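Trainee: File name protein-v6.csv; file contents CSV, C-alpha atoms; full text below.
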chain,number,residue,atom,x,y,z
A,77,MET,CA,0.0,0.0,0.0
A,78,THR,CA,2.9,2.3,0.7
A,79,SER,CA,4.5,1.8,-2.7
A,80,ALA,CA,1.1,2.5,-4.4
A,81,ALA,CA,0.7,5.7,-2.5
A,82,ALA,CA,4.2,6.8,-3.4
A,83,ARG,CA,3.7,6.0,-7.1
A,84,PRO,CA,3.3,9.3,-9.1
A,85,ARG,CA,0.0,9.9,-10.8
A,86,PRO,CA,-0.7,11.8,-14.0
A,87,HIS,CA,-1.1,15.6,-13.5
A,88,ARG,CA,-4.6,16.9,-13.6
A,89,ASP,CA,-3.7,19.1,-16.7
A,90,ASP,CA,-2.3,16.1,-18.5
A,91,VAL,CA,-5.5,14.2,-17.9
A,92,VAL,CA,-7.5,17.2,-19.4
A,93,ILE,CA,-5.2,17.4,-22.4
A,94,ALA,CA,-5.5,13.6,-23.1
A,95,THR,CA,-9.2,13.6,-22.7
A,96,LEU,CA,-9.8,16.6,-25.0
A,97,GLY,CA,-7.4,15.2,-27.6
A,98,MET,CA,-9.0,11.8,-27.7
A,99,ALA,CA,-12.5,13.5,-27.8
A,100,ALA,CA,-11.4,15.6,-30.8
A,101,GLY,CA,-9.9,12.5,-32.5
A,102,VAL,CA,-13.2,10.5,-32.1
A,103,LEU,CA,-15.2,13.5,-33.4
A,104,SER,CA,-12.8,13.7,-36.4
A,105,VAL,CA,-13.4,10.0,-37.2
A,106,ALA,CA,-17.1,10.4,-36.8
A,107,LEU,CA,-17.2,13.4,-39.2
A,108,GLY,CA,-14.7,11.9,-41.6
A,109,LEU,CA,-12.1,14.6,-41.1
A,110,TYR,CA,-8.7,13.0,-42.0
A,111,ASN,CA,-5.4,14.5,-43.0
A,112,ASN,CA,-5.2,11.9,-45.8
A,113,VAL,CA,-8.8,11.5,-46.9
A,114,HIS,CA,-8.3,8.4,-49.0
A,115,GLY,CA,-6.3,6.5,-46.4
A,116,GLY,CA,-8.5,7.7,-43.6
A,117,ARG,CA,-11.7,6.4,-45.2
A,118,GLU,CA,-10.1,3.0,-45.8
A,119,SER,CA,-8.8,2.8,-42.2
A,120,GLY,CA,-11.8,4.2,-40.5
A,121,ALA,CA,-12.0,3.2,-36.8
A,122,LEU,CA,-8.5,1.8,-36.9
A,123,LEU,CA,-7.2,5.4,-36.5
A,124,LEU,CA,-8.6,5.3,-32.9
A,125,ILE,CA,-5.8,2.8,-31.9
A,126,PRO,CA,-2.9,5.2,-32.4
A,127,LEU,CA,-5.1,7.9,-31.0
A,128,ALA,CA,-5.6,5.9,-27.8
A,129,ALA,CA,-1.8,5.2,-27.6
A,130,MET,CA,-1.1,8.9,-28.0
A,131,GLY,CA,-3.6,9.6,-25.2
A,132,VAL,CA,-1.6,7.3,-22.9
A,133,ALA,CA,1.6,9.1,-23.9
A,134,GLU,CA,-0.1,12.4,-22.9
A,135,LEU,CA,-0.9,11.0,-19.5
A,136,LEU,CA,2.8,10.2,-19.1
A,137,ARG,CA,4.2,13.5,-20.5
A,138,ARG,CA,5.3,14.8,-17.1
A,139,ILE,CA,5.9,11.7,-15.0
A,140,GLY,CA,6.9,9.0,-17.6
A,141,GLN,CA,9.6,10.4,-19.8
A,142,PRO,CA,11.2,9.0,-21.9
A,143,TRP,CA,8.5,6.3,-22.1
A,144,ALA,CA,5.9,8.8,-23.2
A,145,LEU,CA,8.0,9.6,-26.2
A,146,VAL,CA,8.7,5.9,-26.9
A,147,ILE,CA,4.9,5.3,-27.1
A,148,ALA,CA,4.2,8.5,-29.1
A,149,VAL,CA,6.7,7.9,-31.9
A,150,PRO,CA,5.3,4.5,-33.2
A,151,ALA,CA,1.8,5.8,-32.5
A,152,LEU,CA,2.4,8.7,-34.9
A,153,ALA,CA,4.0,6.4,-37.5
A,154,ALA,CA,0.9,4.2,-37.4
A,155,ASP,CA,-1.4,7.2,-37.5
A,156,VAL,CA,0.4,8.5,-40.7
A,157,LEU,CA,0.2,5.1,-42.4
A,158,LEU,CA,-3.6,4.8,-41.6
A,159,GLY,CA,-4.5,8.2,-42.9
A,160,SER,CA,-3.7,10.5,-39.9
A,161,LEU,CA,-5.9,12.6,-37.6
A,162,LEU,CA,-5.0,16.2,-36.7
A,163,ALA,CA,-5.7,15.5,-33.0
A,164,THR,CA,-3.1,12.7,-33.0
A,165,VAL,CA,-0.5,14.9,-34.6
A,166,VAL,CA,-1.2,17.8,-32.2
A,167,MET,CA,-0.9,15.6,-29.2
A,168,PHE,CA,2.4,14.2,-30.6
A,169,THR,CA,3.9,17.7,-30.8
A,170,ASP,CA,2.9,18.3,-27.2
A,171,VAL,CA,4.6,15.0,-26.1
A,172,VAL,CA,7.8,16.1,-28.0
A,173,TYR,CA,7.6,19.5,-26.2
A,174,ALA,CA,7.1,17.8,-22.8
A,175,SER,CA,10.0,15.4,-23.4
A,176,VAL,CA,12.5,18.3,-23.7
A,177,LEU,CA,10.9,20.3,-20.9
A,178,TYR,CA,10.4,17.6,-18.3
A,179,GLY,CA,12.8,14.9,-19.4
A,180,SER,CA,16.5,14.6,-18.7
A,181,ARG,CA,19.1,16.8,-20.4
A,182,ARG,CA,20.3,13.8,-22.3
A,183,LEU,CA,16.8,13.1,-23.7
A,184,GLY,CA,16.4,16.8,-24.7
A,185,ARG,CA,19.7,16.6,-26.7
A,186,PHE,CA,18.6,13.4,-28.3
A,187,VAL,CA,15.2,14.8,-29.4
A,188,MET,CA,16.8,17.9,-30.9
A,189,ILE,CA,19.4,15.9,-32.9
A,190,GLY,CA,16.7,13.4,-33.9
A,191,SER,CA,14.4,16.2,-35.1
A,192,TRP,CA,17.1,17.7,-37.3
A,193,LEU,CA,18.0,14.3,-38.8
A,194,LEU,CA,14.3,13.5,-39.4
A,195,ILE,CA,13.8,16.8,-41.2
A,196,ILE,CA,16.9,16.3,-43.4
A,197,GLY,CA,16.0,12.7,-44.1
A,198,ALA,CA,12.4,13.5,-45.0
A,199,THR,CA,13.4,16.4,-47.2
A,200,ILE,CA,16.1,14.5,-49.1
A,201,GLY,CA,14.1,11.4,-49.4
A,202,THR,CA,11.0,13.2,-50.8
A,203,LEU,CA,13.1,15.1,-53.3
A,204,ALA,CA,14.8,11.9,-54.5
A,205,ALA,CA,11.5,10.1,-54.8
A,206,PHE,CA,9.4,12.8,-56.5
A,207,ARG,CA,12.0,15.2,-57.8
A,208,ARG,CA,9.6,18.2,-57.4
A,209,PRO,CA,10.2,21.4,-55.4
A,210,GLU,CA,7.0,21.0,-53.5
A,211,ALA,CA,8.7,18.2,-51.7
A,212,LEU,CA,10.4,20.8,-49.5
A,213,LEU,CA,7.1,21.4,-47.8
A,214,VAL,CA,7.4,17.9,-46.4
A,215,GLY,CA,10.5,19.0,-44.5
A,216,ALA,CA,8.7,22.1,-43.3
A,217,VAL,CA,5.8,20.0,-42.0
A,218,VAL,CA,8.2,17.5,-40.3
A,219,GLY,CA,10.0,20.5,-38.7
A,220,ALA,CA,6.8,22.0,-37.4
A,221,VAL,CA,5.8,18.7,-35.9
A,222,THR,CA,9.2,17.8,-34.3
A,223,LEU,CA,11.7,20.6,-34.2
A,224,THR,CA,9.4,23.5,-33.3
A,225,PRO,CA,8.0,22.0,-30.1
A,226,ALA,CA,11.4,20.6,-29.1
A,227,TRP,CA,13.0,24.1,-29.5
A,228,THR,CA,10.1,25.7,-27.6
A,229,GLY,CA,10.6,23.2,-24.7
A,230,GLN,CA,14.3,23.9,-24.7
A,231,ILE,CA,13.8,27.6,-24.5
A,232,LEU,CA,11.3,27.3,-21.7
A,233,ARG,CA,13.5,24.9,-19.8
A,234,ALA,CA,16.5,27.2,-20.0
A,235,HIS,CA,14.3,30.0,-18.7
A,236,ARG,CA,13.2,28.0,-15.8
A,237,GLU,CA,16.7,26.9,-14.9
A,238,ARG,CA,17.9,30.5,-15.0
A,239,ALA,CA,15.0,31.5,-12.8
A,240,ASP,CA,15.8,28.6,-10.3
A,241,ALA,CA,19.5,29.7,-10.3
A,242,GLU,CA,18.6,33.3,-9.6
A,243,ARG,CA,16.2,32.2,-6.9
A,244,LEU,CA,19.0,30.1,-5.3
A,245,ARG,CA,21.4,32.9,-5.6
A,246,ALA,CA,18.9,35.3,-4.0
A,247,GLU,CA,18.4,32.8,-1.1
A,248,GLN,CA,22.2,32.4,-0.6
A,249,THR,CA,22.6,36.2,-0.7
A,250,THR,CA,19.8,36.5,1.9
A,251,LEU,CA,21.4,33.8,4.1
A,252,LEU,CA,24.9,35.5,3.8
A,253,ALA,CA,23.3,38.9,4.7
A,254,GLU,CA,21.6,37.4,7.7
A,255,MET,CA,24.9,35.8,8.8
A,256,ASP,CA,26.7,39.2,8.4
A,257,ARG,CA,23.9,40.9,10.3
A,258,ARG,CA,24.2,38.4,13.2
A,259,GLU,CA,28.0,38.8,13.2
A,260,ALA,CA,27.6,42.6,13.3
A,261,VAL,CA,25.1,42.4,16.1
A,262,THR,CA,27.4,40.1,18.1
A,263,ALA,CA,30.4,42.4,17.5
A,264,GLU,CA,28.4,45.4,18.4
A,265,ARG,CA,27.2,43.8,21.6
A,266,ALA,CA,30.8,43.0,22.5
A,267,ARG,CA,31.8,46.5,21.8
A,268,MET,CA,29.0,48.0,23.9
A,269,ALA,CA,29.8,45.6,26.7
A,270,ARG,CA,33.4,46.8,26.7
A,271,GLU,CA,32.2,50.4,26.6
A,272,LEU,CA,29.8,49.9,29.5
A,273,HIS,CA,32.4,48.2,31.6
A,274,ASP,CA,35.0,50.9,31.0
A,275,MET,CA,32.6,53.7,31.7
A,276,VAL,CA,31.0,52.4,34.8
A,277,ALA,CA,33.6,50.4,36.5
A,278,ASN,CA,35.8,53.4,37.4
A,279,HIS,CA,32.9,55.2,39.1
A,280,LEU,CA,31.6,52.1,40.9
A,281,SER,CA,35.0,51.2,42.1
A,282,ALA,CA,35.5,54.6,43.7
A,283,ILE,CA,32.0,54.4,45.3
A,284,ALA,CA,32.9,51.0,46.8
A,285,ILE,CA,36.3,52.2,48.1
A,286,HIS,CA,34.9,55.4,49.7
A,287,SER,CA,31.8,53.7,51.1
A,288,SER,CA,34.1,51.2,52.8
A,289,ALA,CA,36.2,54.0,54.2
A,290,ALA,CA,33.1,55.8,55.4
A,291,LEU,CA,31.8,52.7,57.2
A,292,SER,CA,35.2,52.0,58.8
A,293,LEU,CA,36.0,55.5,60.1
A,294,ASN,CA,34.3,57.1,63.1
A,295,ASP,CA,35.1,60.6,61.9
A,296,PRO,CA,32.2,62.8,60.7
A,297,ALA,CA,34.4,65.0,58.6
A,298,ALA,CA,36.1,62.1,56.8
A,299,SER,CA,32.7,60.4,56.3
A,300,LYS,CA,31.3,63.6,54.8
A,301,ASP,CA,34.2,63.9,52.4
A,302,ALA,CA,33.8,60.2,51.4
A,303,LEU,CA,30.0,60.8,50.8
A,304,GLY,CA,30.9,63.8,48.6
A,305,VAL,CA,33.2,61.6,46.5
A,306,ILE,CA,30.5,58.9,46.4
A,307,ARG,CA,27.9,61.4,45.2
A,308,GLU,CA,30.3,62.9,42.5
A,309,ASN,CA,31.1,59.4,41.1
A,310,SER,CA,27.4,58.4,41.2
A,311,VAL,CA,26.4,61.5,39.2
A,312,GLN,CA,29.2,61.0,36.7
A,313,GLY,CA,28.5,57.3,36.3
A,314,LEU,CA,24.8,58.1,35.8
A,315,SER,CA,25.7,60.7,33.2
A,316,GLU,CA,27.8,58.3,31.2
A,317,MET,CA,25.2,55.6,31.5
A,318,ARG,CA,22.7,58.0,30.0
A,319,ARG,CA,25.1,58.8,27.2
A,320,LEU,CA,25.5,55.1,26.4
A,321,ILE,CA,21.7,54.6,26.4
A,322,GLY,CA,21.4,57.5,24.1
A,323,LEU,CA,23.7,55.8,21.6
A,324,LEU,CA,21.5,52.7,21.7
A,325,ARG,CA,18.3,54.6,20.9
A,326,GLU,CA,17.2,55.6,17.5
A,327,ALA,CA,18.3,59.0,16.3
A,328,GLY,CA,15.5,61.5,16.7
A,329,GLY,CA,14.9,65.0,15.2
A,330,ASP,CA,15.6,66.8,18.5
A,331,ASP,CA,19.2,68.0,18.6
A,332,ALA,CA,19.0,68.7,22.3
A,333,ALA,CA,18.3,65.0,23.0
A,334,ALA,CA,21.4,63.9,21.0
A,335,PRO,CA,24.1,62.0,23.1
A,336,SER,CA,27.3,63.8,23.9
A,337,ALA,CA,30.5,63.1,22.0
A,338,ALA,CA,32.7,60.2,22.9
A,339,PRO,CA,35.6,61.1,25.3
A,340,THR,CA,39.0,62.0,23.8
A,341,LEU,CA,42.5,62.3,25.1
A,342,GLN,CA,41.8,66.0,25.9
A,343,GLY,CA,39.9,64.6,28.8
A,344,LEU,CA,42.8,62.8,30.4
A,345,PRO,CA,43.7,65.7,32.8
A,346,ALA,CA,40.1,65.6,34.2
A,347,LEU,CA,40.3,61.8,34.5
A,348,ILE,CA,43.6,62.0,36.4
A,349,GLU,CA,42.2,64.7,38.7
A,350,GLN,CA,39.2,62.4,39.4
A,351,ALA,CA,41.6,59.5,40.1
A,352,ARG,CA,43.5,61.7,42.6
A,353,THR,CA,40.4,62.5,44.5
A,354,ASN,CA,39.3,58.8,44.5
A,355,GLY,CA,42.8,57.6,45.5
A,356,THR,CA,43.6,59.9,48.4
A,357,ALA,CA,42.4,57.4,51.0
A,358,SER,CA,44.5,54.7,49.4
A,359,GLY,CA,47.8,56.6,49.5
A,360,LEU,CA,47.9,56.9,45.7
A,361,HIS,CA,48.9,60.0,43.8
A,362,PHE,CA,48.7,60.3,40.0
A,363,THR,CA,50.8,61.9,37.3
A,364,LEU,CA,50.2,62.5,33.6
A,365,THR,CA,52.9,63.0,30.9
A,366,ASP,CA,51.6,63.8,27.5
A,367,GLU,CA,54.4,63.9,24.9
A,368,ARG,CA,52.3,64.0,21.8
A,369,ALA,CA,52.9,66.6,19.1
A,370,ALA,CA,50.7,69.6,19.5
A,371,ASP,CA,49.5,69.7,15.9
A,372,ALA,CA,48.4,66.1,15.5
A,373,SER,CA,45.7,63.9,17.1
A,374,PRO,CA,44.9,60.3,16.5
A,375,ALA,CA,41.8,59.1,14.7
A,376,ALA,CA,38.6,59.0,16.7
A,377,PRO,CA,38.5,55.2,17.3
A,378,VAL,CA,42.2,55.2,18.3
A,379,GLU,CA,41.6,58.1,20.7
A,380,LEU,CA,38.6,56.5,22.3
A,381,ALA,CA,40.5,53.2,22.8
A,382,ALA,CA,43.5,55.0,24.4
A,383,TYR,CA,41.2,57.0,26.7
A,384,ARG,CA,39.4,53.8,27.8
A,385,ILE,CA,42.7,51.9,28.4
A,386,VAL,CA,43.9,54.7,30.7
A,387,GLN,CA,40.5,54.8,32.4
A,388,GLU,CA,40.5,51.1,33.0
A,389,SER,CA,44.1,51.1,34.2
A,390,LEU,CA,43.4,53.8,36.7
A,391,THR,CA,40.4,51.8,37.9
A,392,ASN,CA,42.6,48.7,38.4
A,393,ALA,CA,45.1,50.8,40.2
A,394,LEU,CA,42.5,52.1,42.6
A,395,LYS,CA,41.4,48.5,43.3
A,396,HIS,CA,44.8,46.7,43.5
A,397,ALA,CA,47.8,49.0,43.7
A,398,GLY,CA,49.7,49.7,46.9
A,399,PRO,CA,50.5,53.2,48.1
A,400,GLY,CA,52.7,55.2,45.7
A,401,GLU,CA,52.7,56.9,42.3
A,402,VAL,CA,50.6,55.9,39.4
A,403,ALA,CA,52.1,57.3,36.2
A,404,VAL,CA,50.3,57.7,32.9
A,405,ASP,CA,52.5,58.4,29.8
A,406,VAL,CA,51.1,59.1,26.4
A,407,ALA,CA,53.5,59.5,23.5
A,408,GLY,CA,53.6,59.5,19.7
A,409,THR,CA,50.9,59.5,17.1
A,410,ASP,CA,51.7,56.6,14.7
A,411,PRO,CA,51.8,54.5,16.7
A,412,LEU,CA,50.2,56.1,19.7
A,413,THR,CA,51.8,54.6,22.9
A,414,VAL,CA,49.9,54.5,26.2
A,415,THR,CA,51.8,53.3,29.3
A,416,VAL,CA,50.4,53.2,32.9
A,417,THR,CA,52.6,52.1,35.7
A,418,SER,CA,51.4,51.5,39.3
A,419,PRO,CA,53.1,50.1,42.5
A,420,LEU,CA,52.4,46.5,43.4
A,421,GLY,CA,50.7,46.2,46.7
A,422,GLU,CA,50.9,43.4,49.3
A,423,ARG,CA,47.3,42.9,50.2
A,424,ASP,CA,45.0,39.9,50.6
A,425,GLY,CA,42.6,41.1,48.0
A,426,PRO,CA,41.4,44.2,46.0
A,427,ARG,CA,39.8,47.2,47.8
A,428,ALA,CA,36.7,46.7,45.6
A,429,PRO,CA,35.3,43.6,43.8
A,430,GLY,CA,35.9,43.3,40.0
A,431,SER,CA,34.6,41.2,37.1
A,432,GLY,CA,38.0,40.3,35.7
A,433,ALA,CA,37.0,41.6,32.3
A,434,GLY,CA,39.2,44.8,32.4
A,435,LEU,CA,42.4,43.4,31.0
A,436,ILE,CA,40.4,41.3,28.4
A,437,GLY,CA,38.5,44.4,27.3
A,438,MET,CA,41.7,46.5,26.9
A,439,GLU,CA,43.4,43.7,24.9
A,440,GLU,CA,40.3,43.4,22.7
A,441,ARG,CA,40.3,47.1,22.0
A,442,CYS,CA,43.9,47.0,20.9
A,443,ALA,CA,43.3,43.8,18.7
A,444,LEU,CA,40.4,45.4,16.9
A,445,LEU,CA,42.6,48.4,15.9
A,446,GLY,CA,45.6,46.1,14.9
A,447,GLY,CA,47.7,47.2,17.9
A,448,THR,CA,49.6,45.4,20.6
A,449,PHE,CA,48.9,45.2,24.3
A,450,SER,CA,50.7,43.9,27.4
A,451,ALA,CA,50.1,44.0,31.1
A,452,GLY,CA,52.1,42.4,33.9
A,453,PRO,CA,54.6,43.0,36.8
A,454,GLU,CA,58.1,44.3,36.2
A,455,GLY,CA,60.0,44.5,39.4
A,456,ASP,CA,57.9,46.2,42.0
A,457,ARG,CA,55.7,47.9,39.4
A,458,TRP,CA,52.6,46.8,37.4
A,459,ILE,CA,52.9,48.0,33.9
A,460,VAL,CA,50.2,48.3,31.2
A,461,ARG,CA,51.4,49.2,27.8
A,462,ALA,CA,49.4,49.6,24.6
A,463,GLU,CA,50.5,50.6,21.1
A,464,LEU,CA,47.7,51.8,18.7
A,465,PRO,CA,48.8,52.2,15.1
A,466,GLY,CA,47.9,54.8,12.4
A,467,GLY,CA,44.9,57.0,11.7
A,468,ALA,CA,46.6,60.3,12.6
A,469,GLU,CA,44.7,63.5,11.7
A,470,GLN,CA,47.0,66.4,11.1
A,471,GLY,CA,45.9,69.8,12.4
A,472,SER,CA,46.2,73.0,10.5
Show the structure stored in the file as structure tokens.

Mentor:
Amino acid sequence: MTSAAARPRPHRDDVVIATLGMAAGVLSVALGLYNNVHGGRESGALLLIPLAAMGVAELLRRIGQPWALVIAVPALAADVLLGSLLATVVMFTDVVYASVLYGSRRLGRFVMIGSWLLIIGATIGTLAAFRRPEALLVGAVVGAVTLTPAWTGQILRAHRERADAERLRAEQTTLLAEMDRREAVTAERARMARELHDMVANHLSAIAIHSSAALSLNDPAASKDALGVIRENSVQGLSEMRRLIGLLREAGGDDAAAPSAAPTLQGLPALIEQARTNGTASGLHFTLTDERAADASPAAPVELAAYRIVQESLTNALKHAGPGEVAVDVAGTDPLTVTVTSPLGERDGPRAPGSGAGLIGMEERCALLGGTFSAGPEGDRWIVRAELPGGAEQGS
């Protein structure tokens, strides 16, 4: 039962074509309408036999190639010998057309070659037998019955194959575009995660350090100073968080609602001053040495990466460094070199908890710009060094 259900059945349109063709052939026999009147009248109802065979070939035109053509060729030959019906000839042309359109490529080539050979053979044979120019019409008729439908089927098949190829190419393009979109979303999420960490971690670390100091000291003045630092870092952290959220929102028409520009190296003095305030309780003091040329500045992505690396290095110093000097050195333009050194401390743990993503984020920023990054102890100092290449913008 399973094999019977899986067996292909004639298409509904093919059943209609076969039914109409056979009906037209029966009507032609009833009315005495034959292509060869003399032969048709002698054969009579015998013409219904090749007509029925051609009807079977029509039922198989989609699902039974090349067997449909194998049935149709002798059926046409018998029809011509018996007097010929127009309905049988028309159905044969449709079977030839279907053999090229629905059959294999090999069958299509065979039909095209066979049609040309049949035309040439019929034309030469008729001329040799009758030696009259009218014999050329035989070749034209044979071409109309065989070559024309085969050629039509070949053109339509080529058109369908081109359409299928274009459809497949469009699907592949859509798939590649979707893959690119997902990769872009993933990369943007990673970038925003680094940006969020670098912006907020510094302020939250300062808040944690000073809140611990305020809780441990029984001095109202010191507690008040610590609360002032906590409030300042809270406000700044909230401001930068709002800026980041503004970048994630869709751009609107209100210029006043536009997010502020990304931080640049011009903001390093303010960053160092903030670190001095936050590190007073830890015995840290901070210095900045900027040896860059006055008439040159790095490209915006390089400048942002350098600023974030300094910011994260200062945050790590506040968490982990022992008392002493934290030095920030910025030099060059191509490459731009950022070096942050801090004293190693001997403590059981950091002053504030961390996620461990700071060094990873700095290294990723350098890698995205094609730069180099290193961080580790050298003697009694912890040194962070980054080189960010190219992209200089010369000032006027």

Trainee: With only C-alpha atoms as the counted atoms, please give the residues lying no more than 9 Å from Ile125 of chain A, apart from itself and same-chain residues fewer than 5 positions off, as an MDAnalysis selection string.

Mentor: chainID A and resid 130 151 154:155

Trainee: Need to verify the contact set: Met98 of chain A, 7 Å, all atoms listed in the file, exclusion of same-chain residues closer than 4 positions in sequence. Can you return it as number ranges by chain?

Mentor: A: 94, 102, 127-128, 131

Trainee: Determine the nearest neighbour of Arg181 of chain A from the options A:Ile147, A:Met167, A:Leu380, A:Gln230, counting only C-alpha atoms.

Mentor: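 Of A:Ile147, A:Met167, A:Leu380, A:Gln230, the one nearest Arg181 of chain A is A:Gln230, counting only C-alpha atoms.
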
Trainee: Could you check the closest approach to Ala351 of chain A for each of A:Asp301, A:Glu401, A:Asp240, A:Asp366 and tell me which residue wins, using only C-alpha atoms?

Mentor: A:Glu401

Trainee: Rank A:Leu177, A:Val149, A:Val218, A:Leu232 by their smallest atom-to-atom distance to Trp192 of chain A, using all atoms listed in the file, and report the top residue only.

Mentor: A:Val218

Trainee: Distance atom CA of Ser175 of chain A-atom CA of Ala99 of chain A, one decimal place?

Mentor: 23.0 Å

Trainee: Give the answer as one residue: which of A:Ala226, A:Ala211, A:Leu158, A:Val221 has the shortest atom-to-atom distance to Arg185 of chain A, using all atoms listed in the file?

Mentor: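 Going through A:Ala226, A:Ala211, A:Leu158, A:Val221 one by one, the smallest distance to Arg185 of chain A is for A:Ala226.
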
Trainee: Env of Ser358 of chain A: 8 Å cut, atoms = only C-alpha atoms, seq-sep filter 3 positions within chain, self excluded. Answer as a list in words.

Mentor: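 Once the nearby chain positions are removed, what remains is Gly355, Leu394, Gly398 and Pro399 of chain A.
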
Trainee: Compare A:Leu347, A:Leu145, A:Gln387, A:Gly120 by their minimum atom-to-atom distance to Val187 of chain A, counting only C-alpha atoms, and give me the closest one.

Mentor: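 The answer is A:Leu145, which sits nearest to Val187 of chain A.
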
Trainee: Do a neighbour search on Val217 of chain A at 10 Å with all atoms listed in the file, toss out local chain neighbours closer than 4 positions, and write the hits as a list in words.

Mentor: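 After dropping sequence-adjacent residues, the list is Ile195, Ala198, Thr199, Leu212, Leu213, Val221, Thr222 and Leu223 of chain A.
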
Trainee: Need the shell around Leu183 of chain A: protein/DNA/RNA residues with any atom at most 12 Å away, counting all atoms listed in the file. Skip same-chain ones fewer than 3 positions apart. Format as number ranges by chain?

Mentor: A: 141-146, 172-180, 186-190, 226, 229-230

Trainee: Tell me, in Å to one decimal, how far atom CA of Pro86 of chain A is from atom CA of Thr169 of chain A.

Mentor: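 So the answer is 18.4 Å.
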
Trainee: Could you check the closest approach to Cys442 of chain A for each of A:Ser104, A:Thr413, A:Ser418, A:Thr356 and tell me which residue wins, using only C-alpha atoms?

Mentor: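 For Cys442 of chain A, the nearest of the given residues is A:Thr413.
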
Trainee: Enter the distance from atom CA of His87 of chain A to atom CA of Leu161 of chain A, in Å, rounded to one decimal.

Mentor: 24.8 Å

Trainee: Counting only C-alpha atoms, which residues have an atom no more than 12 Å from (42.1, 61.4, 44.3) in the file's coordinates? Please list them as a VMD selection string.

Mentor: chain A and resid 282 285 to 286 301 to 302 305 309 346 to 363 390 to 391 393 to 394 401 to 402

Trainee: Mind completing segment 401-417 of chain A with N, CA and C atoms? Output as a compact mmCIF listing (two decimals), keeping the file's coordinate frame, please?

Mentor:
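Output contents, as saved in part_2.txt:
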# COMPACT_ATOMS: atom_id res chain seq x y z
N GLU A 401 53.04 56.11 43.53
CA GLU A 401 52.70 56.90 42.30
C GLU A 401 52.17 56.02 41.22
N VAL A 402 51.10 56.50 40.60
CA VAL A 402 50.60 55.90 39.40
C VAL A 402 50.84 56.87 38.25
N ALA A 403 51.67 56.43 37.30
CA ALA A 403 52.10 57.30 36.20
C ALA A 403 51.47 56.94 34.91
N VAL A 404 50.92 57.93 34.22
CA VAL A 404 50.30 57.70 32.90
C VAL A 404 51.15 58.49 31.89
N ASP A 405 51.68 57.77 30.90
CA ASP A 405 52.50 58.40 29.80
C ASP A 405 51.82 58.12 28.50
N VAL A 406 51.64 59.20 27.73
CA VAL A 406 51.10 59.10 26.40
C VAL A 406 52.07 59.75 25.44
N ALA A 407 52.44 59.03 24.39
CA ALA A 407 53.50 59.50 23.50
C ALA A 407 53.17 59.07 22.06
N GLY A 408 53.71 59.84 21.10
CA GLY A 408 53.60 59.50 19.70
C GLY A 408 52.25 59.63 19.12
N THR A 409 52.19 59.41 17.81
CA THR A 409 50.90 59.50 17.10
C THR A 409 50.72 58.23 16.23
N ASP A 410 51.81 57.78 15.59
CA ASP A 410 51.70 56.60 14.70
C ASP A 410 52.98 55.76 14.92
N PRO A 411 53.01 54.84 15.92
CA PRO A 411 51.80 54.50 16.70
C PRO A 411 51.70 55.40 17.96
N LEU A 412 50.46 55.40 18.49
CA LEU A 412 50.20 56.10 19.70
C LEU A 412 50.48 55.09 20.88
N THR A 413 51.36 55.50 21.79
CA THR A 413 51.80 54.60 22.90
C THR A 413 51.18 55.10 24.20
N VAL A 414 50.53 54.19 24.91
CA VAL A 414 49.90 54.50 26.20
C VAL A 414 50.60 53.57 27.23
N THR A 415 51.18 54.14 28.30
CA THR A 415 51.80 53.30 29.30
C THR A 415 51.31 53.81 30.69
N VAL A 416 50.85 52.87 31.50
CA VAL A 416 50.40 53.20 32.90
C VAL A 416 51.12 52.26 33.82
N THR A 417 51.88 52.86 34.76
CA THR A 417 52.60 52.10 35.70
C THR A 417 52.05 52.38 37.13
